>>> print(open('input-v5.pdb').read())   # PDB, C-alpha atoms
ATOM      1  CA  MET A  24       7.516   6.115  17.159
ATOM      2  CA  ALA A  25       6.975   3.351  19.706
ATOM      3  CA  ILE A  26       9.909   1.912  21.636
ATOM      4  CA  ILE A  27       9.843  -0.529  24.518
ATOM      5  CA  ASP A  28      11.422   1.960  26.923
ATOM      6  CA  ASP A  29       8.393   4.247  26.524
ATOM      7  CA  LEU A  30       5.828   1.642  27.567
ATOM      8  CA  ASP A  31       4.364   1.747  31.046
ATOM      9  CA  ARG A  32       6.390  -0.005  33.749
ATOM     10  CA  ALA A  33       4.404  -3.258  33.989
ATOM     11  CA  GLU A  34       4.341  -3.718  30.214
ATOM     12  CA  ARG A  35       8.027  -2.843  29.885
ATOM     13  CA  LEU A  36       9.112  -5.285  32.578
ATOM     14  CA  PHE A  37       6.932  -7.996  31.085
ATOM     15  CA  ILE A  38       8.462  -7.556  27.617
ATOM     16  CA  LYS A  39      12.030  -7.302  28.955
ATOM     17  CA  GLY A  40      11.584 -10.588  30.806
ATOM     18  CA  TYR A  41       9.621 -12.365  28.088
ATOM     19  CA  PRO A  42      11.294 -15.463  26.570
ATOM     20  CA  PHE A  43      11.171 -14.332  22.922
ATOM     21  CA  ARG A  44      13.994 -16.732  22.080
ATOM     22  CA  ARG A  45      11.505 -19.583  22.387
ATOM     23  CA  PHE A  46       9.803 -18.262  19.260
ATOM     24  CA  VAL A  47      12.725 -17.225  17.038
ATOM     25  CA  PRO A  48      12.941 -19.045  13.690
ATOM     26  CA  ARG A  49      14.833 -22.336  13.836
ATOM     27  CA  SER A  50      16.234 -24.524  11.084
ATOM     28  CA  SER A  51      14.534 -27.513  12.731
ATOM     29  CA  ASP A  52      11.171 -25.827  12.125
ATOM     30  CA  PRO A  53      10.637 -25.176   8.394
ATOM     31  CA  ALA A  54       7.438 -23.247   9.108
ATOM     32  CA  SER A  55       9.442 -20.576  10.898
ATOM     33  CA  LEU A  56      11.741 -19.957   7.925
ATOM     34  CA  ALA A  57       9.393 -20.277   4.939
ATOM     35  CA  VAL A  58       9.547 -17.690   2.156
ATOM     36  CA  THR A  59       6.922 -17.697  -0.603
ATOM     37  CA  PRO A  60       7.925 -15.539  -3.591
ATOM     38  CA  LEU A  61       5.208 -13.514  -5.290
ATOM     39  CA  ARG A  62       4.088 -15.475  -8.344
ATOM     40  CA  LYS A  63       2.369 -12.712 -10.305
ATOM     41  CA  PRO A  64       2.177  -8.933 -10.432
ATOM     42  CA  LEU A  65       0.421  -7.327  -7.457
ATOM     43  CA  SER A  66      -2.099  -5.875  -9.912
ATOM     44  CA  ALA A  67      -3.281  -9.465 -10.539
ATOM     45  CA  CYS A  68      -3.187 -10.615  -6.880
ATOM     46  CA  MET A  69      -6.058 -11.299  -4.485
ATOM     47  CA  VAL A  70      -5.254  -9.576  -1.178
ATOM     48  CA  ALA A  71      -6.482 -10.357   2.360
ATOM     49  CA  LEU A  72      -6.046  -8.528   5.659
ATOM     50  CA  VAL A  73      -5.173 -10.103   9.006
ATOM     51  CA  THR A  74      -5.157  -7.880  12.062
ATOM     52  CA  THR A  75      -4.490  -8.456  15.751
ATOM     53  CA  ALA A  76      -6.628  -5.462  16.768
ATOM     54  CA  GLY A  77      -9.327  -7.638  18.367
ATOM     55  CA  LEU A  78     -12.013  -6.547  15.896
ATOM     56  CA  SER A  79     -15.237  -8.525  15.553
ATOM     57  CA  LEU A  80     -18.699  -8.131  14.078
ATOM     58  CA  PRO A  81     -21.542  -7.208  16.444
ATOM     59  CA  ASP A  82     -23.128 -10.673  15.958
ATOM     60  CA  GLN A  83     -19.898 -12.572  16.687
ATOM     61  CA  PRO A  84     -18.812 -13.550  20.194
ATOM     62  CA  PRO A  85     -16.318 -10.923  21.347
ATOM     63  CA  PHE A  86     -12.739 -11.847  22.219
ATOM     64  CA  ASN A  87     -12.264 -12.941  25.795
ATOM     65  CA  GLU A  88     -10.453 -10.116  27.545
ATOM     66  CA  THR A  89     -10.167 -11.958  30.845
ATOM     67  CA  MET A  90      -7.928 -14.872  29.782
ATOM     68  CA  ARG A  91      -4.641 -14.116  31.483
ATOM     69  CA  LEU A  92      -2.399 -15.700  28.836
ATOM     70  CA  GLY A  93      -4.477 -14.449  25.919
ATOM     71  CA  ASP A  94      -7.347 -15.566  23.690
ATOM     72  CA  THR A  95      -5.898 -17.389  20.652
ATOM     73  CA  SER A  96      -9.202 -17.608  18.738
ATOM     74  CA  PHE A  97      -9.928 -15.641  15.570
ATOM     75  CA  ARG A  98     -12.919 -14.066  13.835
ATOM     76  CA  GLU A  99     -13.659 -14.283  10.124
ATOM     77  CA  LEU A 100     -14.606 -10.907   8.633
ATOM     78  CA  PRO A 101     -16.396 -10.819   5.252
ATOM     79  CA  GLY A 102     -14.774  -8.669   2.587
ATOM     80  CA  ASP A 103     -17.953  -6.745   1.787
ATOM     81  CA  ILE A 104     -18.610  -5.138   5.192
ATOM     82  CA  SER A 105     -18.193  -1.559   6.239
ATOM     83  CA  PRO A 106     -15.172  -1.670   8.587
ATOM     84  CA  GLN A 107     -16.712   0.950  10.844
ATOM     85  CA  LEU A 108     -19.290  -1.696  11.914
ATOM     86  CA  LEU A 109     -16.602  -3.648  13.729
ATOM     87  CA  GLU A 110     -16.313  -3.674  17.498
ATOM     88  CA  MET A 111     -12.953  -3.762  19.243
ATOM     89  CA  HIS A 112     -12.387  -6.039  22.230
ATOM     90  CA  GLN A 113      -8.895  -5.692  23.582
ATOM     91  CA  ARG A 114      -7.244  -7.037  26.639
ATOM     92  CA  SER A 115      -4.312  -4.685  26.158
ATOM     93  CA  TRP A 116      -4.374  -1.106  27.419
ATOM     94  CA  ALA A 117      -0.732  -0.718  26.381
ATOM     95  CA  PHE A 118      -1.972   1.327  23.425
ATOM     96  CA  ASP A 119      -4.382   4.169  22.798
ATOM     97  CA  HIS A 120      -7.698   2.753  21.530
ATOM     98  CA  THR A 121      -9.183   6.041  20.370
ATOM     99  CA  GLY A 122      -7.587   6.099  16.902
ATOM    100  CA  VAL A 123      -9.061   2.750  15.824
ATOM    101  CA  LEU A 124     -12.432   3.585  17.377
ATOM    102  CA  ARG A 125     -12.522   6.736  15.264
ATOM    103  CA  ASP A 126     -11.458   4.960  12.056
ATOM    104  CA  ARG A 127     -11.227   1.143  11.836
ATOM    105  CA  ASN A 128      -9.112   1.556   8.685
ATOM    106  CA  LEU A 129      -6.276   2.590  10.975
ATOM    107  CA  ALA A 130      -5.858  -1.124  11.816
ATOM    108  CA  PHE A 131      -8.126  -2.846   9.293
ATOM    109  CA  PRO A 132      -7.741  -0.836   6.059
ATOM    110  CA  LEU A 133     -10.507  -2.463   4.044
ATOM    111  CA  ASP A 134     -11.669   0.849   2.538
ATOM    112  CA  ARG A 135      -8.068   1.585   1.437
ATOM    113  CA  LEU A 136      -7.874  -1.883  -0.126
ATOM    114  CA  ARG A 137     -11.003  -1.032  -2.147
ATOM    115  CA  GLU A 138      -9.354   2.174  -3.379
ATOM    116  CA  LEU A 139      -6.209   0.246  -4.373
ATOM    117  CA  ARG A 140      -8.359  -2.282  -6.219
ATOM    118  CA  ASP A 141     -10.382   0.440  -7.969
ATOM    119  CA  GLY A 142      -7.115   2.105  -9.021
ATOM    120  CA  GLY A 143      -5.755  -1.183 -10.361
ATOM    121  CA  ALA A 144      -2.852  -1.461  -7.879
ATOM    122  CA  ILE A 145      -4.146  -4.818  -6.601
ATOM    123  CA  GLY A 146      -6.212  -7.387  -8.490
ATOM    124  CA  SER A 147      -9.010  -8.187  -6.066
ATOM    125  CA  ILE A 148     -10.055  -8.318  -2.407
ATOM    126  CA  ALA A 149     -10.381 -11.658  -0.647
ATOM    127  CA  PRO A 150     -13.902 -12.766   0.337
ATOM    128  CA  ARG A 151     -12.778 -13.346   3.938
ATOM    129  CA  HIS A 152     -10.334 -11.554   6.285
ATOM    130  CA  TYR A 153      -9.249 -12.442   9.817
ATOM    131  CA  SER A 154      -8.963 -10.807  13.199
ATOM    132  CA  PHE A 155      -7.157 -11.919  16.341
ATOM    133  CA  MET A 156      -6.702 -10.229  19.697
ATOM    134  CA  GLY A 157      -2.979  -9.731  19.767
ATOM    135  CA  SER A 158      -2.043  -9.762  23.425
ATOM    136  CA  ILE A 159      -1.206 -13.447  23.583
ATOM    137  CA  ALA A 160       1.473 -14.208  26.169
ATOM    138  CA  ALA A 161       1.282 -17.996  25.654
ATOM    139  CA  PRO A 162       1.195 -18.400  21.864
ATOM    140  CA  ARG A 163       1.594 -22.191  21.573
ATOM    141  CA  LYS A 164      -2.040 -22.709  20.571
ATOM    142  CA  LEU A 165      -1.767 -19.798  18.150
ATOM    143  CA  ILE A 166       1.290 -21.381  16.498
ATOM    144  CA  ASN A 167      -0.091 -24.926  16.406
ATOM    145  CA  GLU A 168      -3.798 -24.373  15.805
ATOM    146  CA  SER A 169      -5.389 -21.025  15.025
ATOM    147  CA  ALA A 170      -2.686 -19.512  12.780
ATOM    148  CA  PRO A 171      -2.424 -22.668  10.580
ATOM    149  CA  GLU A 172      -6.234 -22.818  10.414
ATOM    150  CA  VAL A 173      -6.422 -19.227   9.157
ATOM    151  CA  ALA A 174      -3.613 -20.012   6.688
ATOM    152  CA  ARG A 175      -5.618 -23.007   5.440
ATOM    153  CA  ARG A 176      -8.755 -20.902   4.942
ATOM    154  CA  LEU A 177      -6.807 -18.184   3.096
ATOM    155  CA  THR A 178      -5.292 -20.841   0.834
ATOM    156  CA  ALA A 179      -8.757 -22.315   0.165
ATOM    157  CA  ASP A 180      -9.880 -18.859  -0.993
ATOM    158  CA  CYS A 181      -6.846 -18.720  -3.365
ATOM    159  CA  VAL A 182      -5.479 -15.616  -1.651
ATOM    160  CA  ASP A 183      -2.121 -14.483  -3.106
ATOM    161  CA  VAL A 184      -1.066 -11.781  -0.655
ATOM    162  CA  VAL A 185      -1.764 -11.050   3.025
ATOM    163  CA  LEU A 186      -1.104  -7.756   4.813
ATOM    164  CA  LEU A 187      -0.881  -8.150   8.604
ATOM    165  CA  THR A 188      -1.364  -5.304  11.037
ATOM    166  CA  PRO A 189      -0.661  -5.171  14.787
ATOM    167  CA  VAL A 190      -1.902  -2.467  17.137
TER     168      VAL A 190
ATOM    169  CA  MET B  24       2.704  -8.605  22.306
ATOM    170  CA  CYS B  25       0.659  -7.763  19.230
ATOM    171  CA  ASN B  26       3.853  -7.528  17.207
ATOM    172  CA  GLN B  27       4.906 -11.025  18.230
ATOM    173  CA  SER B  28       1.430 -12.426  17.426
ATOM    174  CA  VAL B  29       1.505 -10.799  13.985
ATOM    175  CA  GLY B  30       4.917 -12.305  13.226
ATOM    176  CA  LEU B  31       3.859 -15.793  14.334
ATOM    177  CA  ILE B  32       0.622 -15.708  12.311
ATOM    178  CA  GLN B  33       2.558 -14.309   9.349
ATOM    179  CA  ARG B  34       5.054 -17.171   9.398
ATOM    180  CA  ALA B  35       2.202 -19.721   9.335
ATOM    181  CA  ILE B  36       0.545 -18.011   6.348
ATOM    182  CA  GLU B  37       3.814 -17.719   4.421
ATOM    183  CA  TYR B  38       4.490 -21.412   5.128
ATOM    184  CA  ALA B  39       1.087 -22.258   3.605
ATOM    185  CA  GLY B  40       2.280 -20.729   0.313
ATOM    186  CA  ILE B  41       0.967 -17.151   0.485
ATOM    187  CA  THR B  42       3.233 -14.103   0.155
ATOM    188  CA  THR B  43       2.953 -11.895   3.247
ATOM    189  CA  VAL B  44       4.048  -8.531   4.568
ATOM    190  CA  SER B  45       3.363  -7.054   7.999
ATOM    191  CA  LEU B  46       3.561  -3.682   9.658
ATOM    192  CA  SER B  47       5.662  -3.382  12.810
ATOM    193  CA  LEU B  48       5.149  -0.862  15.590
ATOM    194  CA  LEU B  49       7.919  -2.219  17.834
ATOM    195  CA  ARG B  50      11.065  -2.823  15.852
ATOM    196  CA  GLU B  51      12.795  -4.512  18.793
ATOM    197  CA  ILE B  52      10.187  -7.289  18.885
ATOM    198  CA  THR B  53       9.985  -7.793  15.111
ATOM    199  CA  GLU B  54      13.794  -8.162  15.044
ATOM    200  CA  LYS B  55      13.452 -11.082  17.443
ATOM    201  CA  ILE B  56      10.525 -12.837  15.736
ATOM    202  CA  ARG B  57      11.921 -12.247  12.200
ATOM    203  CA  PRO B  58       8.827 -12.633   9.997
ATOM    204  CA  PRO B  59       9.623 -12.836   6.252
ATOM    205  CA  ARG B  60       8.798  -9.200   5.379
ATOM    206  CA  ALA B  61       7.934  -6.282   7.636
ATOM    207  CA  LEU B  62       7.683  -2.510   7.337
ATOM    208  CA  PHE B  63       8.550  -0.657  10.535
ATOM    209  CA  VAL B  64       6.264   2.362  10.880
ATOM    210  CA  PRO B  65       7.200   5.293  13.165
ATOM    211  CA  PHE B  66       3.735   5.628  14.700
ATOM    212  CA  PRO B  67       2.448   5.151  18.264
ATOM    213  CA  LEU B  68       1.035   1.804  19.397
ATOM    214  CA  GLY B  69      -2.567   1.573  18.210
ATOM    215  CA  TYR B  70      -1.826   3.597  15.025
ATOM    216  CA  PRO B  71      -0.335   1.100  12.530
ATOM    217  CA  LEU B  72      -1.586   2.918   9.406
ATOM    218  CA  GLY B  73      -0.539   6.308  10.745
ATOM    219  CA  GLU B  74      -3.568   8.467  11.501
ATOM    220  CA  PRO B  75      -7.341   7.962  11.667
ATOM    221  CA  ALA B  76      -9.240   9.453   8.725
ATOM    222  CA  ASN B  77      -6.019  10.224   6.857
ATOM    223  CA  ALA B  78      -6.557   8.114   3.745
ATOM    224  CA  PRO B  79      -3.543   9.517   1.814
ATOM    225  CA  LEU B  80      -1.150   8.546   4.640
ATOM    226  CA  GLN B  81      -2.813   5.134   5.088
ATOM    227  CA  LEU B  82      -2.425   4.473   1.358
ATOM    228  CA  ARG B  83       1.224   5.534   1.429
ATOM    229  CA  VAL B  84       1.908   3.047   4.234
ATOM    230  CA  MET B  85       0.140   0.268   2.328
ATOM    231  CA  ARG B  86       2.001   0.985  -0.910
ATOM    232  CA  ALA B  87       5.327   0.959   0.966
ATOM    233  CA  ALA B  88       4.416  -2.365   2.606
ATOM    234  CA  PHE B  89       3.315  -3.902  -0.701
ATOM    235  CA  ALA B  90       6.603  -2.797  -2.315
ATOM    236  CA  LEU B  91       8.364  -5.266   0.016
ATOM    237  CA  LEU B  92       6.408  -8.209  -1.464
ATOM    238  CA  MET B  93       8.939  -8.435  -4.306
ATOM    239  CA  ARG B  94      11.727  -9.096  -1.767
ATOM    240  CA  ASN B  95      12.652 -12.670  -0.880
ATOM    241  CA  ASP B  96      15.823 -11.993   1.129
ATOM    242  CA  ALA B  97      13.998 -12.726   4.387
ATOM    243  CA  PRO B  98      13.876 -11.464   7.014
ATOM    244  CA  VAL B  99      13.174  -8.094   5.374
ATOM    245  CA  LEU B 100      12.642  -5.247   7.857
ATOM    246  CA  GLU B 101      12.557  -1.779   6.309
ATOM    247  CA  ASN B 102      11.664   1.630   7.710
ATOM    248  CA  PHE B 103       8.689   3.615   6.428
ATOM    249  CA  VAL B 104       9.913   7.054   5.390
TER     250      VAL B 104
END
>>> encode(input="input-v5.pdb", output="structure tokens")
Amino acid sequence: MAIIDDLDRAERLFIKGYPFRRFVPRSSDPASLAVTPLRKPLSACMVALVTTAGLSLPDQPPFNETMRLGDTSFRELPGDISPQLLEMHQRSWAFDHTGVLRDRNLAFPLDRLRELRDGGAIGSIAPRHYSFMGSIAAPRKLINESAPEVARRLTADCVDVVLLTPV
Amino acid sequence: MCNQSVGLIQRAIEYAGITTVSLSLLREITEKIRPPRALFVPFPLGYPLGEPANAPLQLRVMRAAFALLMRNDAPVLENFV
């Protein structure tokens, strides 16, 4: 289990001093409080994955690991790829990268989604999935631009359910 | 910071009218960001689905996360057991 007190000193101090209260849900911001009930059984739902593992295809520009406040861009990942093709570009060394490098499903469980679909637990797999690089210290652009853009694309694909995974 | 980013992206997707659930590796951060539904998993950072090449465990985590989709009493934050 991961707890903040176990992180290395720089990371721990950064998180302890970080102004999380700027990003807590507020009644003045309906986007921060929205709840969308499931409208049909999961076995009839189209499911998409969104990860912050920094995964990208070999022919996509990698995430920028040098931006001090974080890269808020995203990569679109087709639903028919083999996840093991994906590269990982990560600014954060706060976590052990070896697990995901051995098996991308650890953060981007596309093969598991296929098994759930084949077993009838979910209806279908979305044609497009999304990847961010999660270490974003200044998330304003994420909140105002890239996250709503991904939401718009998922809606355009008629996605019913999204599973999000950090690393 | 990954856990904050996930929560912020999740809120935007839920707001667009899609039902969402996330995994959390740092409960303390997810409690602050309060996304609509999250499953706290007792794994190290970098291991959200549990273990590499352990499909049964990965599937168990996903099924437990998907079970939270029926819940609308946000913010939902349950432990994976």
>>> closest_residue(input="input-v5.pdb", among="A:Leu108, A:Leu92, A:Val58, A:Ala67", to="Ile41 in chain B", atoms="all atoms listed in the file")
A:Val58
>>> atom_distance(input="input-v5.pdb", atom1="CA of Thr95 in chain A", atom2="CA of Glu34 in chain A")
19.6 Å
>>> interface_residues(input="input-v5.pdb", of="chain A", to="chain B", cutoff="8 Å", atoms="all atoms listed in the file", output="ChimeraX atom specification")
/A:24-27,38,43-44,46-48,53-61,74-75,117-120,122-123,125-130,132,135,156-160,162,165-166,170-171,173-175,178,182-190
>>> atom_distance(input="input-v5.pdb", atom1="CA of Gly146 in chain A", atom2="CA of Leu65 in chain A")
6.7 Å
>>> atom_distance(input="input-v5.pdb", atom1="CA of Leu62 in chain B", atom2="CA of Asn102 in chain B")
5.8 Å
>>> residues_near_point(input="input-v5.pdb", point="(-0.7, -0.2, -5.9)", cutoff="8 Å", atoms="all atoms listed in the file", output="PyMOL selection string")
(chain A and resi 65-66+139-140+142-145) or (chain B and resi 86+89)
>>> residues_around(input="input-v5.pdb", residues="Asp180 in chain A", least_positions_apart="3", cutoff="9 Å", atoms="all atoms listed in the file", output="PyMOL selection string")
chain A and resi 149-151+175-177
>>> axis_aligned_box(input="input-v5.pdb", around="range 53-70 of chain A", padding_each_side="8 Å", output="JSON")
{"center_x": 2.8, "center_y": -15.5, "center_z": 0.2, "size_x": 33.8, "size_y": 35.3, "size_z": 37.4}
